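Asks: Sharing a structure, written as structure tokens. Questions coming.
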Amino acid sequence: MDTLQTIIIAIVEGLTEFLPVSSTGHMIITQNLLGVESTPFVKAFTIIIQFGAILSVVCLYWQRFFRLNHTPAPAGSTPWQAFLHKWDFYWKLFVAFVPAILIGFLGKMSGLIDRFLESVEVVAIMLVVGGIFMLFCDRLFNKGSEDTQLTEARAFRIGLFQCIAMIPGVSRSMATIVGGMAQKLTRRAAAEFSFFLAVPTMAAATALDVLQLFFGDEADASWATSDNLMMLALGCVVAFVVALLAMKWFVSFLTKYGFKAFGIYRIIVGIIILALVWTGHSLVMVD
């Protein structure tokens with residue numbers, strides 16, 4: 001993989017990671033159009049540059065991400081309730097993250113997630129199905145209110161929606177934003193909580209994949225040369241900058257126009273992948 005290919009793949013990662021269009025589907029198309037072989041380094045690259053996207057969330061929303069609730073706890077609160085009141089933001093983020101921990105672990109241990117990841121057709125079909133759903137989801141869930149409070153129960157339900165994205169092609173962003181709107185959050189509030197929830201979710205998933213690369217049954221660190229490490233650094237920087245711009249644009253676009261355009265786009269991409277597969281093109285799945 002050369003420098004230009006590195007930049008292009010990182011741009012695609014940064015653009016699609018937080019948009020409801022499935023970064024997995026786009027990585028399949030990009031890697032194959034560029035003729036990039038799915039080597040151990042390429043697999044590691046597509047995993048590790050997610051750190052750049054994660055950092056973009058923390059950077060863009062740092063004033064809201066690094067915060068404690070300094071308002072007085074309700075009268076009569078127990079020490080535990082007072083503690084949760086102070087750490088309210090992180091507590092609800094953890095509650096939303098719990099379903100991914102449990103279901104993700106079970107899916108990984110059973111091999112079900114890996115089997116899904118090996119099927120390009122699953123990705124393409126879910127892109128189309130998700131796209132059709134997005135054509136109508138604004139009518140179904142566009143009843144959010146700025147006064148709606150994000151409770152622990154609502155956060156947990158959003159976390160359950162996130163687990164649907166373990167099926168490649170669904171899109172973690174789409175699942176969590178729709179989950180937030182289903183809990184009466186506005187599009188903007190649902191999108192921003194989706195970004196926040198991406199930080200622990202993507203960090204955990206990336207850390208797990210990196211550990212498997214180094215210590216798993218098929219561990220191979222031969223790809224970790226100085227040149228490849230420079231490519232990784234470049235990819236992380238590019239993914240960070242592009243994801244930062246994409247998030248700012250996406251929140252504004254989603255608030256004003258909703259999901260319909262993304263739905264149409266997903267359907268087109270899904271059909272392209274299916275057409276390539278059904279005409280005999282060998283698309284290599286990336287993690």
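Letters A, B, ... go to the chains of the structure tokens in the order shown; residues in each chain start at 1; ligands are counted from 1 in the same order.
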Using only C-alpha atoms, tabulate the residues of stretch 5-100 of chain A lying at most 12 Å from any atom of stretch 185-195 of chain A, each with its closest atom pair and that distance in Å to one decimal, by chain and increasing residue number, as a tab-separated table.
Replies:
residue	atom	partner	partner_atom	distance
A:Glu17	CA	A:Phe195	CA	9.9
A:Phe18	CA	A:Phe195	CA	7.1
A:Leu19	CA	A:Ala191	CA	9.5
A:Pro20	CA	A:Ala191	CA	10.0
A:Ala53	CA	A:Phe195	CA	10.0
A:Ile54	CA	A:Phe195	CA	8.7
A:Leu55	CA	A:Phe195	CA	10.8
A:Ser56	CA	A:Phe195	CA	9.6
A:Val57	CA	A:Phe195	CA	6.4
A:Val58	CA	A:Phe195	CA	9.1
A:Cys59	CA	A:Phe195	CA	11.5
A:Leu60	CA	A:Phe195	CA	10.1
A:Tyr61	CA	A:Glu192	CA	8.9
A:Trp62	CA	A:Phe195	CA	11.9
A:Arg64	CA	A:Glu192	CA	10.3
A:Phe65	CA	A:Phe193	CA	10.3
A:Phe89	CA	A:Phe193	CA	10.2
A:Tyr90	CA	A:Phe193	CA	11.5
A:Lys92	CA	A:Phe193	CA	10.1
A:Leu93	CA	A:Phe193	CA	8.5
A:Ala96	CA	A:Phe193	CA	9.9
A:Phe97	CA	A:Ser194	CA	10.9
Asks: Create the file for the chosen residues now, containing C-alpha atoms and written as a short mmCIF file (atom, residue, chain, number, x, y, z; two decimals), in the first residue's frame.
Replies:
data_model
loop_
_atom_site.label_atom_id
_atom_site.label_comp_id
_atom_site.auth_asym_id
_atom_site.auth_seq_id
_atom_site.Cartn_x
_atom_site.Cartn_y
_atom_site.Cartn_z
CA GLU A 17 -17.22 6.31 10.28
CA PHE A 18 -19.79 8.68 11.78
CA LEU A 19 -22.20 8.89 8.85
CA PRO A 20 -25.12 6.41 8.67
CA ALA A 53 -11.81 9.12 14.23
CA ILE A 54 -12.24 8.55 17.98
CA LEU A 55 -9.98 11.49 18.82
CA SER A 56 -11.99 13.75 16.51
CA VAL A 57 -15.07 13.27 18.72
CA VAL A 58 -13.12 14.14 21.85
CA CYS A 59 -11.60 17.19 20.15
CA LEU A 60 -14.83 18.56 18.67
CA TYR A 61 -16.89 18.05 21.84
CA TRP A 62 -14.16 18.33 24.48
CA ARG A 64 -19.02 18.49 26.82
CA PHE A 65 -17.02 15.28 26.91
CA PHE A 89 -22.69 12.02 31.70
CA TYR A 90 -20.15 9.19 32.03
CA LYS A 92 -25.19 7.16 31.11
CA LEU A 93 -22.47 6.62 28.53
CA ALA A 96 -25.42 2.66 26.90
CA PHE A 97 -22.12 0.84 26.35
#
Asks: Write out as a list in words each polymer residue whose atoms come within 9 Å of A:Val210, counting only C-alpha atoms; drop sequence neighbours fewer than 3 positions from it.
Replies: Ala44, Ile47, Ile48, Ala205, Thr206, Ala207, Leu213, Phe214 and Phe215 of chain A
Asks: With only C-alpha atoms as the counted atoms, please give the residues lying no more than 8 Å from stretch 72-75 of chain A, apart from itself and same-chain residues fewer than 3 positions off, as number ranges by chain.
Replies: A: 81-82, 85-86
Asks: Give the helix (DSSP H, G or I) residues of stretch 6-225 of chain A, as DSSP finds them on the backbone, and put them as a PyMOL selection string.
Replies: chain A and resi 6-16+23-33+40-48+50-60+62-65+79-86+88-110+112-117+120-141+152-164+172-182+187-215
Asks: Give the answer as one residue: which of A:Ile164, A:Gln50, A:Leu68, A:Leu208 has the shortest atom-to-atom distance to A:Phe105, using only C-alpha atoms?
Replies: A:Leu208
Asks: List the neighbours of A:Met181 out to 12 Å using only C-alpha atoms; skip same-chain residues closer than 4 positions along the sequence, and give me the result as a PyMOL selection string.
Replies: chain A and resi 137-146+148+150+154-155+157-158+161+174-177+185-194+255+258-259
Asks: Figure out the distance between atom CA of A:Ala243 and atom CA of A:Ser38, please, to one decimal in Å.
Replies: 23.6 Å
Asks: Can you tell me, as a list in words, what residues are no more than 8 Å from A:Gly14 when counting only C-alpha atoms, ignoring any on the same chain fewer than 6 positions away?
Replies: Ala53, Val238, Ala239, Phe240, Val241, Val242, Ala243, Leu244 and Ala246 of chain A
Asks: Closest to A:Asp88 among A:Gln149, A:Gln31, A:Thr225, A:Gln212, using only C-alpha atoms?
Replies: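 Smallest distance to A:Asp88 is found for A:Gln149.
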Asks: Determine the nearest neighbour of A:Gln183 from the options A:Thr151, A:Asn32, A:Ser23, A:Thr16, counting only C-alpha atoms.
Replies: A:Thr151
Asks: Between A:Val123, A:Ile272, A:Ile132, A:Val98, which one has atoms that come closest to A:Glu152, using only C-alpha atoms?
Replies: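 Closest to A:Glu152, using only C-alpha atoms: A:Val98.
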Asks: For atom CA of A:Val170 and atom CA of A:Pro99, quote the distance in Å rounded to one decimal.
Replies: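 Answer for the atom CA of A:Val170 to atom CA of A:Pro99 separation: 16.7 Å.
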Asks: Which is closer to A:Ile264 than all the others in A:Leu106, A:Leu127, A:Ala153, A:Met230, using only C-alpha atoms?
Replies: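 When distances to A:Ile264 are compared using only C-alpha atoms, the smallest one comes from A:Leu127.
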